[in-house]
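Enquirer: Structure provided below as C-alpha cells; questions to follow.
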Protein chains: 2
Amino acid sequence: MNSALRRILPNDSSLISKSMRYSVLAGGKRLRPILVIIAAELFGAKSEDVISAACGVEYFHTYSLIHDDLPAMDNDDFRRGVPTNHKKFGEAVAILCGDALLTESFNLITKSKSSEKNINLAVRILAECGGHQGMIAGQVEDTIIGKWNKEEKKLLKTKLKFIEIKKTASLIVASLKIGAVLADADARSLKALEIYGKNMGIAFQITDDILDLYADKKLLGKKGSDTGNNKLTALSLYGRHEAEIKVGKYINKAKKALKIFENKSEIFVYMADYMMCRLY
Amino acid sequence: MNSALRRILPNDSSLISKSMRYSVLAGGKRLRPILVIIAAELFGAKSEDVISAACGVEYFHTYSLIHDDLPAMDNDDFRRGVPTNHKKFGEAVAILCGDALLTESFNLITKSKSSEKNINLAVRILAECGGHQGMIAGQVEDTIIGKWNKEEKKLLKTKLKFIEIKKTASLIVASLKIGAVLADADARSLKALEIYGKNMGIAFQITDDILDLYADKKLLGKKGSDTGNNKLTALSLYGRHEAEIKVGKYINKAKKALKIFENKSEIFVYMADYMMCRLY
C-alpha cells in the first residue's frame, strides 16, 4: 500500500506536493485502502484493478485528518508521531493540502480498472459517505457539541452514536462498498458489507477513544486531545469498562453480517478481531 | 440557475445544510454554471441534461471562496455583500462547509444526463482543473508569494500569469469542458474552448483585481482585501491603464479561438465582451 501511495503521489518540488506527500506518507494503519482491496478481492477482482481507488480513499481519509487537526477544529500539534500538517507548513497550506487531497481522491477513483458504470457508482459512494450527510455531518456534530456534560444522558447516547456512525463508520463503509462495487458485487453482498462496516466503524472509533486516553503517546503518535477538549466519546460517557464491552458487541455484530459469504470472508473476520487486539 | 441551486441544496435544519445554503445562495454572477450550460448547448445538449453538473461547478467555486476567505487565507469579512461563511457560522463550520460543497460537487457531476464514459471524463476534468495541478497550485502560489515587491519584475510577471491561469482560468476552462464533454464534443472543439476559457479566465481575474480596488464596495459585495494584503495582481504590477489594455488583449484572444464554431458561438462572444463591460 505504501509503495503504491509513494508512486501515485506528486513528487515535484512544489510546496503543495511536498505537503501532500508529508501527510499521506506520515504512516497510519492504511485500514481503509486495505478494506477497498479485500472487498474487491472477495468478488474476484485483482488488487491492481482497485489500487488507484484504494489510494483515493486514503487521500480522502488523510484530508479529513489534516482539516480535523487545524486550530479551528481539534487544534492538534502531532499526528502519526510527527507535527501536524499546519504545524509543518502553516495553516493556509494545510487547508489547501486537505482540499487538494480531497479533490484528487475523486480523480484516483476514476482511474480504477472497472466498467464506467461501476466507477461512477464508486465516485457517488465516496461523495455520499464522505459528504454533508455522511462524514461531515458527524464532524459538525462532534465540533458543535461543546459543553455536553450539561445535557441528559439519553440524548447524549443518541448524539454519540450519530457521531460514531457518521464521522468514522461512513468512510469504513465507503471503502468496503467502493471495492465491492468496482468488482461488480451484487446488492445483497453490498448490504452485508455495509452492516459489517458500520459496526466495525463504531468499534474502531470507541477503540480509538480508549487508546487516545490510555495508550502511550509514542505508540499512538498523537497526544490525547479529545480528552483535553472535553469531547463526547464512548469513554467519557460510559467509562472504560462499559466502552470495552461495547467494542466486543459491535465486533460480534460485524462478524455476524459476514455469514452470507460463508468461508470466503476469513480476512474480514481477522480485521474485526484486530480491533479487539488493539486494546490489549 | 438560482432556482436549480435552491432545489438541489439540502434544506433540512442542520447547521451544515444552513451553512451550505447560506453561501451558495448569497448571490454571485453564476458565470461558471452558465458556461457549463452554454458549452453543452453548443453541441446540441439540453440545459436540463447538465443542470446538475452546472450546480456542481458552482458548489466547487463556492467552496473555494469560503476557504479563501478564512482568517488563515485572505481573512475577508464580507463576500457577495453579506458576512463571509466563517463570520456567520464560525471557522470550524466554514472549513467543513467548504469540504461538504467540494465533496458534493462530484456527486452532482455524476447525476448529469450523459453517457457513463462522459460523466467519468467530467469528474476527471473537475478534479484535474480544480486540484493540486490546477486551481490549488494557483492558490498556494498566491498565498505564499508574500513580500513580492522585493523580487524582480520579470519573475513576478511569470508568477502572476501562473496565478491567473491556475487560480482563476482553471475553473473557467473546467466549466466549459465539462459542459462540452457531457454533450459529447469532439477533441478539436474541446481544445478551442480551452483556449477561449484560459484567456477569458485571465481577463476575468484582471477585471476582478481592478474592480477590487476601484469599484464601490456595495456593488462588489466585498472590501478590497487584495490591496490591503499587498497581493500580487495585474493592477499592482502593471497599473490600471496597462491592466485594462491586457484585459482587451486576452478578450480578443478568447474570441479568436471561437472561429471554428462559426456563427454558433455568438453567446460566447457576448460573454467575452461582458468582461470588458464590467470595467465601465
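The chains in the C-alpha cells are called A, B, ... from first to last as shown; in each chain the residues are counted from 1, and the ligands are counted from 1 in the order shown.
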Write down, as an MDAnalysis selection string, each residue of chain A that has any atom within 6 Å of an atom of chain B, counting only C-alpha atoms.
Expert: chainID A and resid 72:73 91:92 100 103:104 107 116:117 124 127 131:132
Enquirer: The selected residues should be written to file as a short mmCIF file (atom, residue, chain, number, x, y, z; two decimals), in the first residue's frame (atoms: C-alpha atoms).
Expert:
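As a result, selection00.cif now contains:
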```
data_model
loop_
_atom_site.label_atom_id
_atom_site.label_comp_id
_atom_site.auth_asym_id
_atom_site.auth_seq_id
_atom_site.Cartn_x
_atom_site.Cartn_y
_atom_site.Cartn_z
CA ALA A 72 -10.18 25.99 14.42
CA MET A 73 -11.07 22.30 14.84
CA GLU A 91 -2.48 26.87 8.28
CA ALA A 92 -3.10 28.20 4.77
CA ALA A 100 -6.09 19.05 -2.87
CA THR A 103 -10.21 16.71 -4.90
CA GLU A 104 -7.59 14.23 -6.12
CA ASN A 107 -9.64 11.59 -9.74
CA GLU A 116 -17.58 3.15 -16.47
CA LYS A 117 -20.87 2.49 -14.68
CA ARG A 124 -21.02 8.57 -5.81
CA ALA A 127 -19.21 11.65 -2.18
CA GLY A 131 -20.14 14.41 2.40
CA HIS A 132 -22.65 16.53 4.29
#
```
Enquirer: Would you mind writing down, as a PyMOL selection string, each residue of stretch 33-252 of chain A that DSSP on the backbone assigns to alpha helix (DSSP H)?
Expert: chain A and resi 33-42+47-69+85-89+91-110+116-130+135-144+153-163+170-182+187-214+217-220+225-228+234-238+240-252
Enquirer: Just checking: using only C-alpha atoms, which residue out of A:Ala185, A:Leu9, A:Ala45, A:Leu35 ends up closest to A:Gly201?
Expert: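 Checking each candidate against A:Gly201, we get A:Leu35 as the closest.
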Enquirer: So how far away is atom CA of A:Asn75 from atom CA of A:Phe204, in Å?
Expert: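 Computing the Euclidean distance for atom CA of A:Phe204 and atom CA of A:Asn75 yields 22.0 Å.
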Enquirer: For A:His241, which residue among A:Ile163, A:Ile8, A:Val57, A:Ile210 is the nearest when counting only C-alpha atoms?
Expert: A:Ile210
Enquirer: What's the 10 Å shell around A:Asp273, counting only C-alpha atoms, without same-chain residues fewer than 6 positions away, as a JSON list (two decimals) with N, CA and C atoms, in the first residue's frame?
Expert:
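Saved as result-v8.json:
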```
[["chain", "number", "residue", "atom", "x", "y", "z"],
["A", 200, "MET", "N", -18.07, -2.30, 12.43],
["A", 200, "MET", "CA", -16.61, -2.19, 12.53],
["A", 200, "MET", "C", -16.22, -0.74, 12.81],
["A", 248, "GLY", "N", -16.66, -5.11, 21.92],
["A", 248, "GLY", "CA", -16.92, -6.52, 21.70],
["A", 248, "GLY", "C", -18.26, -6.77, 21.04],
["A", 251, "ILE", "N", -18.16, -5.66, 17.39],
["A", 251, "ILE", "CA", -17.34, -6.59, 16.60],
["A", 251, "ILE", "C", -18.14, -7.86, 16.28],
["A", 252, "ASN", "N", -18.87, -8.34, 17.26],
["A", 252, "ASN", "CA", -19.70, -9.53, 17.02],
["A", 252, "ASN", "C", -20.77, -9.27, 15.98],
["A", 255, "LYS", "N", -19.15, -9.31, 12.58],
["A", 255, "LYS", "CA", -18.80, -10.66, 12.11],
["A", 255, "LYS", "C", -20.05, -11.44, 11.67],
["A", 267, "ILE", "N", -10.67, -13.13, 6.02],
["A", 267, "ILE", "CA", -9.85, -11.93, 6.22],
["A", 267, "ILE", "C", -10.63, -10.82, 6.92]]
```
Enquirer: Residues near stretch 263-266 of chain A, anyone? I mean within 12 Å using only C-alpha atoms, not counting same-chain ones fewer than 3 positions away, as a ChimeraX atom specification.
Expert: /A:35,38-44,189,192-193,196,254-260,269-273
Enquirer: Kindly indicate which residue among A:Asp186, A:Asp142, A:Asp77, A:Glu164 lies nearest to A:Asn199, using only C-alpha atoms for the distances.
Expert: A:Glu164
Enquirer: For A:Arg79, which of A:Lys167, A:Val36, A:Asp212, A:Met1 is the closest residue, counting only C-alpha atoms?
Expert: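 Distance minimum relative to A:Arg79 lands on A:Asp212.
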Enquirer: Residues at most 8 Å from A:Asp209, counting only C-alpha atoms, excluding those fewer than 4 positions away in the same chain, as a list in words?
Expert: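 What passes the distance filter is Gln205, Leu213, Asp226, Thr233, Ala234 and Leu235 of chain A.
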Enquirer: Tell me, in Å to one decimal, how far atom CA of A:Leu190 is from atom CA of A:Ile51.
Expert: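 Those two atoms sit 19.4 Å apart.
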Enquirer: Take atom CA of B:Tyr22 and atom CA of B:Ile66 and report the distance between them in Å, one decimal.
Expert: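 Value for the atom CA of B:Tyr22-atom CA of B:Ile66 distance: 10.9 Å.
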